[in-house]
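Text of the file final21.cif, holding mmCIF, C-alpha atoms and all ligand atoms:
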data_final
#
loop_
_atom_site.label_atom_id
_atom_site.label_comp_id
_atom_site.auth_asym_id
_atom_site.auth_seq_id
_atom_site.Cartn_x
_atom_site.Cartn_y
_atom_site.Cartn_z
CA MET A 1 4.35 -2.17 -18.66
CA GLU A 2 2.78 0.81 -16.84
CA LYS A 3 4.90 2.63 -14.26
CA ILE A 4 3.36 2.54 -10.77
CA THR A 5 2.61 5.95 -9.26
CA ILE A 6 1.86 7.10 -5.72
CA LYS A 7 -1.82 7.35 -6.71
CA ASP A 8 -1.82 3.62 -7.61
CA ILE A 9 -0.29 2.83 -4.20
CA ILE A 10 -2.94 4.89 -2.36
CA LYS A 11 -5.74 3.19 -4.33
CA MET A 12 -4.49 -0.27 -3.34
CA LYS A 13 -5.51 0.26 0.31
CA GLY A 14 -8.23 -2.21 1.24
CA LYS A 15 -8.20 -3.76 -2.25
CA GLU A 16 -4.83 -5.36 -2.89
CA LYS A 17 -1.79 -5.93 -0.66
CA ILE A 18 1.19 -3.72 -1.55
CA SER A 19 4.40 -5.67 -2.20
CA ALA A 20 7.67 -3.90 -1.46
CA ILE A 21 11.33 -4.87 -1.22
CA THR A 22 14.64 -3.06 -0.98
CA ALA A 23 17.26 -2.96 -3.74
CA TYR A 24 20.56 -1.11 -3.91
CA ASP A 25 22.16 -1.81 -7.27
CA TYR A 26 21.38 -2.61 -10.92
CA PRO A 27 21.03 -6.42 -10.69
CA SER A 28 18.99 -6.48 -7.46
CA ALA A 29 16.65 -3.80 -8.84
CA LEU A 30 16.27 -5.61 -12.18
CA ILE A 31 15.36 -8.86 -10.40
CA ALA A 32 12.91 -7.11 -8.03
CA ASP A 33 11.27 -5.20 -10.89
CA GLU A 34 10.94 -8.31 -13.07
CA ALA A 35 9.45 -10.10 -10.03
CA LYS A 36 6.78 -7.33 -10.19
CA PHE A 37 7.14 -5.71 -6.76
CA ASP A 38 4.99 -2.57 -6.50
CA ILE A 39 7.60 -0.57 -4.57
CA ILE A 40 11.39 -0.78 -4.60
CA LEU A 41 12.97 1.03 -1.67
CA VAL A 42 16.59 2.11 -1.95
CA GLY A 43 16.92 1.61 1.80
CA ASP A 44 19.56 3.05 4.08
CA SER A 45 19.83 -0.59 5.22
CA ALA A 46 22.45 -0.54 2.43
CA ALA A 47 24.75 0.66 5.21
CA MET A 48 24.49 -2.78 6.84
CA VAL A 49 23.81 -5.28 4.05
CA ILE A 50 26.02 -3.70 1.37
CA HIS A 51 28.68 -1.76 3.24
CA GLY A 52 28.99 -4.00 6.31
CA LEU A 53 28.36 -1.24 8.87
CA LYS A 54 26.84 -2.13 12.26
CA ASP A 55 23.92 0.32 11.88
CA THR A 56 22.41 2.76 9.37
CA LEU A 57 23.94 5.91 10.86
CA GLY A 58 27.16 5.78 8.87
CA ILE A 59 25.73 5.98 5.35
CA GLY A 60 25.49 9.41 3.71
CA MET A 61 23.87 11.17 0.78
CA GLU A 62 26.71 10.39 -1.61
CA GLU A 63 26.35 6.62 -1.27
CA MET A 64 22.54 6.73 -1.20
CA ILE A 65 22.45 8.76 -4.43
CA MET A 66 24.87 6.34 -6.08
CA HIS A 67 22.62 3.40 -5.11
CA THR A 68 19.50 5.27 -6.29
CA ARG A 69 21.04 6.01 -9.70
CA ALA A 70 21.93 2.34 -10.20
CA VAL A 71 18.44 1.18 -9.15
CA SER A 72 16.68 3.71 -11.37
CA ARG A 73 18.61 2.50 -14.44
CA ALA A 74 17.09 -0.96 -13.95
CA VAL A 75 13.50 -0.24 -12.92
CA LYS A 76 10.71 0.15 -15.47
CA ARG A 77 7.59 -0.56 -13.43
CA ALA A 78 7.98 -0.28 -9.64
CA LEU A 79 7.67 2.96 -7.69
CA ILE A 80 11.20 3.83 -6.55
CA VAL A 81 11.51 5.29 -3.04
CA GLY A 82 14.82 6.79 -1.89
CA ASP A 83 15.55 6.49 1.82
CA MET A 84 16.84 9.74 3.30
CA PRO A 85 19.90 8.95 5.45
CA PHE A 86 20.60 10.06 9.01
CA LEU A 87 20.96 13.87 9.31
CA SER A 88 20.01 14.55 5.69
CA TYR A 89 16.59 15.97 6.72
CA GLN A 90 16.50 16.32 10.53
CA THR A 91 18.82 19.37 10.52
CA SER A 92 16.56 21.88 8.70
CA GLU A 93 13.75 22.19 6.15
CA ARG A 94 16.31 23.58 3.71
CA ASP A 95 18.57 20.51 4.03
CA ALA A 96 15.54 18.25 3.66
CA ILE A 97 14.43 20.00 0.45
CA GLU A 98 17.92 20.01 -1.08
CA ASN A 99 18.57 16.37 -0.26
CA ALA A 100 15.11 15.12 -1.24
CA GLY A 101 15.61 16.94 -4.56
CA LYS A 102 18.86 15.04 -5.10
CA PHE A 103 16.98 11.73 -4.76
CA LEU A 104 14.39 12.78 -7.36
CA LYS A 105 17.14 13.94 -9.72
CA ALA A 106 18.83 10.53 -9.28
CA GLY A 107 15.65 8.78 -10.44
CA ALA A 108 13.58 8.20 -7.26
CA ASP A 109 9.81 8.77 -7.47
CA ALA A 110 9.50 9.55 -3.75
CA VAL A 111 11.55 9.76 -0.55
CA LYS A 112 11.16 8.10 2.85
CA LEU A 113 11.86 9.83 6.17
CA GLU A 114 11.96 8.22 9.61
CA GLY A 115 9.93 9.84 12.39
CA GLY A 116 6.44 10.95 13.46
CA LYS A 117 5.06 14.23 14.84
CA GLU A 118 8.55 15.67 15.33
CA ILE A 119 9.23 15.72 11.57
CA ALA A 120 5.67 16.40 10.32
CA HIS A 121 6.51 20.05 9.48
CA ILE A 122 9.42 18.88 7.27
CA VAL A 123 7.21 16.30 5.55
CA LYS A 124 4.55 18.95 4.87
CA ARG A 125 7.10 21.30 3.33
CA LEU A 126 8.39 18.58 0.99
CA VAL A 127 4.87 17.51 0.00
CA ASP A 128 3.84 21.15 -0.60
CA LEU A 129 6.79 21.44 -2.99
CA GLY A 130 5.62 18.38 -4.93
CA ILE A 131 8.00 15.81 -3.44
CA PRO A 132 6.09 12.60 -2.59
CA VAL A 133 6.94 11.31 0.90
CA MET A 134 6.61 7.89 2.55
CA GLY A 135 6.57 7.97 6.38
CA HIS A 136 8.30 5.47 8.68
CA ILE A 137 7.30 5.02 12.33
CA GLY A 138 7.52 2.42 15.08
CA MET A 139 11.11 1.22 15.43
CA ASN A 140 13.18 3.81 13.56
CA PRO A 141 16.66 2.31 13.04
CA GLN A 142 18.17 5.81 12.88
CA LYS A 143 17.12 6.23 16.55
CA TYR A 144 18.26 2.81 17.79
CA LEU A 145 20.84 4.28 20.19
CA SER A 146 18.10 6.08 22.08
CA TYR A 147 16.07 2.82 22.34
CA GLY A 148 19.11 0.90 23.64
CA GLY A 149 19.06 -1.40 20.59
CA PHE A 150 16.78 -2.36 17.69
CA LYS A 151 13.91 -2.96 20.13
CA LEU A 152 10.17 -3.39 19.60
CA GLN A 153 8.36 -0.02 19.70
CA GLY A 154 4.74 1.12 19.37
CA ARG A 155 3.21 -0.79 22.28
CA ASP A 156 1.16 2.34 22.98
CA LYS A 157 -1.17 2.18 19.98
CA GLU A 158 -2.72 5.63 20.62
CA ASN A 159 0.71 7.22 20.54
CA LEU A 160 1.59 5.33 17.35
CA LEU A 161 -1.67 6.49 15.76
CA GLU A 162 -0.91 10.11 16.75
CA ASP A 163 2.38 9.90 14.85
CA ALA A 164 0.68 8.26 11.88
CA LYS A 165 -2.07 10.91 11.81
CA ALA A 166 0.47 13.73 11.97
CA LEU A 167 2.20 12.25 8.92
CA GLU A 168 -1.09 11.65 7.12
CA ASP A 169 -2.10 15.29 7.74
CA ALA A 170 1.30 16.38 6.43
CA GLY A 171 0.53 14.55 3.16
CA VAL A 172 2.45 11.24 3.09
CA PHE A 173 1.21 8.69 0.52
CA SER A 174 2.01 5.69 2.74
CA ILE A 175 3.65 4.82 6.05
CA VAL A 176 6.11 2.06 6.95
CA LEU A 177 5.40 0.49 10.35
CA GLU A 178 8.54 -1.21 11.61
CA LYS A 179 8.82 -3.71 14.47
CA VAL A 180 5.59 -2.95 16.34
CA PRO A 181 3.04 -5.36 17.88
CA TYR A 182 0.56 -6.56 15.27
CA GLU A 183 -2.41 -5.21 17.28
CA SER A 184 -0.93 -1.69 17.17
CA ALA A 185 -0.28 -2.07 13.43
CA ARG A 186 -3.86 -3.22 12.90
CA TYR A 187 -5.24 -0.28 14.89
CA VAL A 188 -3.19 2.26 12.94
CA THR A 189 -4.01 0.63 9.58
CA GLU A 190 -7.76 0.67 10.32
CA ASN A 191 -7.71 4.32 11.35
CA LEU A 192 -5.74 5.80 8.46
CA SER A 193 -6.75 6.62 4.91
CA VAL A 194 -3.24 6.12 3.51
CA PRO A 195 -1.79 2.60 3.27
CA THR A 196 0.57 1.11 5.85
CA ILE A 197 3.46 -1.11 4.85
CA GLY A 198 4.75 -3.40 7.57
CA ILE A 199 8.13 -4.85 8.42
CA GLY A 200 7.94 -6.90 11.60
CA ALA A 201 4.43 -5.48 12.09
CA GLY A 202 2.31 -8.59 11.52
CA PRO A 203 -0.25 -9.50 8.88
CA TYR A 204 -2.82 -6.69 9.22
CA THR A 205 -0.99 -3.88 7.38
CA ASP A 206 -1.88 -2.85 3.81
CA GLY A 207 1.44 -4.12 2.48
CA GLN A 208 4.74 -5.75 3.43
CA ILE A 209 8.38 -4.92 2.90
CA LEU A 210 11.56 -6.87 3.63
CA VAL A 211 15.23 -6.33 2.90
CA PHE A 212 16.39 -8.03 -0.36
CA HIS A 213 19.41 -9.70 1.27
CA ASP A 214 17.31 -11.04 4.18
CA VAL A 215 14.71 -12.62 1.87
CA LEU A 216 17.39 -14.30 -0.23
CA GLY A 217 19.55 -15.41 2.69
CA LEU A 218 22.45 -13.20 1.64
CA SER A 219 22.71 -11.25 4.89
CA LEU A 220 23.99 -12.60 8.17
CA TYR A 221 21.08 -11.07 10.13
CA LYS A 222 18.33 -13.37 11.41
CA PHE A 223 15.20 -11.57 12.57
CA LYS A 224 11.98 -13.23 13.80
CA PHE A 225 9.98 -11.29 11.22
CA VAL A 226 12.03 -12.37 8.18
CA ARG A 227 10.98 -15.29 6.00
CA ARG A 228 13.91 -16.58 3.92
CA TYR A 229 13.00 -17.79 0.44
CA LEU A 230 16.54 -18.89 -0.48
CA GLU A 231 19.73 -19.87 1.33
CA GLY A 232 21.65 -17.49 -0.93
CA PHE A 233 24.84 -17.26 1.11
CA SER A 234 25.54 -21.01 1.05
CA LEU A 235 24.39 -21.39 -2.58
CA PHE A 236 26.68 -18.55 -3.74
CA LYS A 237 29.53 -19.92 -1.62
CA GLU A 238 29.18 -23.47 -3.01
CA ALA A 239 29.18 -22.14 -6.59
CA LEU A 240 32.29 -20.04 -5.94
CA GLU A 241 34.02 -23.01 -4.28
CA ARG A 242 33.38 -25.10 -7.40
CA PHE A 243 34.78 -22.29 -9.61
CA ARG A 244 37.88 -21.96 -7.43
CA GLU A 245 38.41 -25.75 -7.52
CA ASP A 246 38.09 -25.74 -11.35
CA ILE A 247 40.77 -23.02 -11.56
CA LYS A 248 43.08 -24.96 -9.24
CA SER A 249 42.60 -28.26 -11.09
CA GLY A 250 42.99 -26.68 -14.54
CA ASN A 251 39.40 -27.65 -15.41
CA PHE A 252 38.57 -24.01 -16.17
CA PRO A 253 38.67 -22.77 -18.87
CA ASN A 254 38.28 -25.52 -21.48
CA LEU A 255 38.93 -24.94 -25.16
CA GLU A 256 35.26 -24.09 -25.86
CA GLU A 257 35.61 -21.23 -23.41
CA SER A 258 38.76 -20.06 -25.21
CA TYR A 259 39.55 -18.29 -28.52
CA GLU A 260 41.32 -20.14 -31.35
O1 LIG B 1 16.34 0.87 5.02
C1 LIG B 1 15.46 0.01 4.93
O2 LIG B 1 15.68 -1.09 4.38
C2 LIG B 1 14.15 0.31 5.49
C3 LIG B 1 13.16 -0.79 5.51
C4 LIG B 1 13.52 -1.73 6.57
C5 LIG B 1 11.78 -0.30 5.63
O3 LIG B 1 13.92 1.40 5.92
#
Take the structure in the file and write it out as structure tokens.
Ligand code: KIV
Amino acid sequence: MEKITIKDIIKMKGKEKISAITAYDYPSALIADEAKFDIILVGDSAAMVIHGLKDTLGIGMEEMIMHTRAVSRAVKRALIVGDMPFLSYQTSERDAIENAGKFLKAGADAVKLEGGKEIAHIVKRLVDLGIPVMGHIGMNPQKYLSYGGFKLQGRDKENLLEDAKALEDAGVFSIVLEKVPYESARYVTENLSVPTIGIGAGPYTDGQILVFHDVLGLSLYKFKFVRRYLEGFSLFKEALERFREDIKSGNFPNLEESYE
């Protein structure tokens, strides 16, 4: 099984849709890799779906590196992207380099940073040093307080394209477009040479990404743009209820599950 590289992702533009999903630990990464996703993102959404926080601002480098290490132990094929958490790159180029380096040392193949023109100089510095970067524009969850909530962004497609172009010029290998109107996403996708990967950005991007727990119905969030492929929460709960009942009734364990 050949490992996917950033060059493979770039070449997929216009030829094959890029499939991406988040993962945060060994089992989720193993499942996603065996399901043959092209990209596995160790997203800072871990803050919400793993750690139960109300937003992504509270997760730090220590937790993100721990998640990245676990994911990288499982993945053989997918490109692993580590999501740089709030204030791990915005503060200075030096912080960005040090922290991006920690992701690569933990097993990531690339890092993702939220932001457009305002962080293009940081992206360029990382790329010049040989650190592959994925961009992320539109609704940036790390800026949700300034939007007044996780609100649709990118209605001004020229402005969105300006951000995308600044990142492309800085050397990103792909750009996530989050929660933007599909016409803006189409416009940006058609005017860029690097692939776009949408989440809540409609069908015209070069690829799609969703959060693992949203796809499998394990998170409590319900977004318009999510398609659930499993009602994981109720299935897990029913199984655990049966286990608990078997303990209570003495039905578990039986002698075959015991040592003589
Ligand atoms: O953290 C995350 O899961 C993300 C995706 C939503 C793109 O950034």
Mind dumping a table of every chain A residue within 7 Å of ligand LIG 1 (chain B), with the nearest atom pair and its distance in Å to one decimal, using only C-alpha atoms and all ligand atoms, sorted by chain and rising number, as CSV?
residue,atom,partner,partner_atom,distance
A:Thr22,CA,B:LIG1,O2,5.8
A:Leu41,CA,B:LIG1,O2,7.0
A:Gly43,CA,B:LIG1,O1,3.4
A:Asp44,CA,B:LIG1,O1,4.0
A:Ser45,CA,B:LIG1,O1,3.8
A:Ala46,CA,B:LIG1,O1,6.8
A:Asp83,CA,B:LIG1,O1,6.5
A:Val176,CA,B:LIG1,C5,6.3
A:Glu178,CA,B:LIG1,C5,6.9
A:Ile199,CA,B:LIG1,C5,6.5
A:Ile209,CA,B:LIG1,C5,6.4
A:Leu210,CA,B:LIG1,C4,6.2
A:Val211,CA,B:LIG1,O2,5.5
Restrict the selected residues to C-alpha atoms and save them as an mmCIF file, in the frame of the given file.
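Output below, filename selection.cif:
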data_model
loop_
_atom_site.group_PDB
_atom_site.id
_atom_site.type_symbol
_atom_site.label_atom_id
_atom_site.label_comp_id
_atom_site.auth_asym_id
_atom_site.auth_seq_id
_atom_site.Cartn_x
_atom_site.Cartn_y
_atom_site.Cartn_z
ATOM 1 C CA THR A 22 14.640 -3.060 -0.980
ATOM 2 C CA LEU A 41 12.970 1.030 -1.670
ATOM 3 C CA GLY A 43 16.920 1.610 1.800
ATOM 4 C CA ASP A 44 19.560 3.050 4.080
ATOM 5 C CA SER A 45 19.830 -0.590 5.220
ATOM 6 C CA ALA A 46 22.450 -0.540 2.430
ATOM 7 C CA ASP A 83 15.550 6.490 1.820
ATOM 8 C CA VAL A 176 6.110 2.060 6.950
ATOM 9 C CA GLU A 178 8.540 -1.210 11.610
ATOM 10 C CA ILE A 199 8.130 -4.850 8.420
ATOM 11 C CA ILE A 209 8.380 -4.920 2.900
ATOM 12 C CA LEU A 210 11.560 -6.870 3.630
ATOM 13 C CA VAL A 211 15.230 -6.330 2.900
#
Could you check how far CA of Leu129 (chain A) sits from CA of Leu113 (chain A), in Å to one decimal?
-> 15.6 Å
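You will find CA of Ser19 (chain A) at 27.0 Å from CA of Ala96 (chain A).
For Lys143 (chain A), the residues within 9 Å (counting all atoms listed in the file, excluding itself and residues fewer than 6 positions away along the chain) are Leu57, Glu114, Gly149 and Phe150 of chain A.
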Can you tell me, as an MDAnalysis selection string, what residues are no more than 12 Å from Gly207 (chain A) when counting all atoms listed in the file, ignoring any on the same chain fewer than 5 positions away?
-> chainID A and resid 9:10 12:21 37:39 174:178 185:186 189 194:202
Could you check which of A:Lys3, A:His213, A:Lys157, A:Arg69 is closest to Leu230 (chain A), using all atoms listed in the file?
-> A:His213
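For the set A:Leu87, A:Ala70, A:Met1, A:Ala29, the residue with the smallest atom-to-atom gap to Thr56 (chain A) is A:Leu87, counting only C-alpha atoms.
Distances from A:Gly130, A:Gly135, A:Gly217, A:Pro181 to Lys151 (chain A) were compared using all atoms listed in the file, and the smallest one belongs to A:Pro181.
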Got a sec: who's within 10 Å of Val71 (chain A), counting all atoms listed in the file, leaving out chain neighbours fewer than 4 positions off, as a PyMOL selection string?
-> chain A and resi 22-30+33+40-42+65-67+75+80+82+106-108
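Atom to atom, CA of Leu160 (chain A) and CA of Gly58 (chain A) stand 26.9 Å apart.
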Nearest-residue call for Asp206 (chain A), choices A:Ile247, A:Leu220, A:Val188, A:Leu145, using only C-alpha atoms | A:Val188
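All residues of protein, DNA or RNA that reach within 12 Å of Arg94 (chain A), judged by only C-alpha atoms and not counting those fewer than 5 positions away in the chain, are Ser88, Tyr89, Asn99, Ala100, Gly101, His121, Ile122, Val123, Arg125, Leu126 and Leu129 of chain A.
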List every protein, DNA or RNA residue with an atom no more than 8 Å from (1.9, 14.6, 6.8) in the file's coordinates, counting only C-alpha atoms, and format the result as a list in words.
-> Ala120, His121, Val123, Lys124, Val127, Lys165, Ala166, Leu167, Glu168, Asp169, Ala170, Gly171 and Val172 of chain A
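With all atoms listed in the file as the atoms that count, the residue of A:Gly154, A:Leu53, A:Phe225, A:Asn159 with the shortest distance to Glu183 (chain A) is A:Gly154.
Comparing A:Ile131, A:Ile137, A:Leu79, A:Ala74 by their smallest distance to Ile97 (chain A), the closest is A:Ile131 (using only C-alpha atoms).
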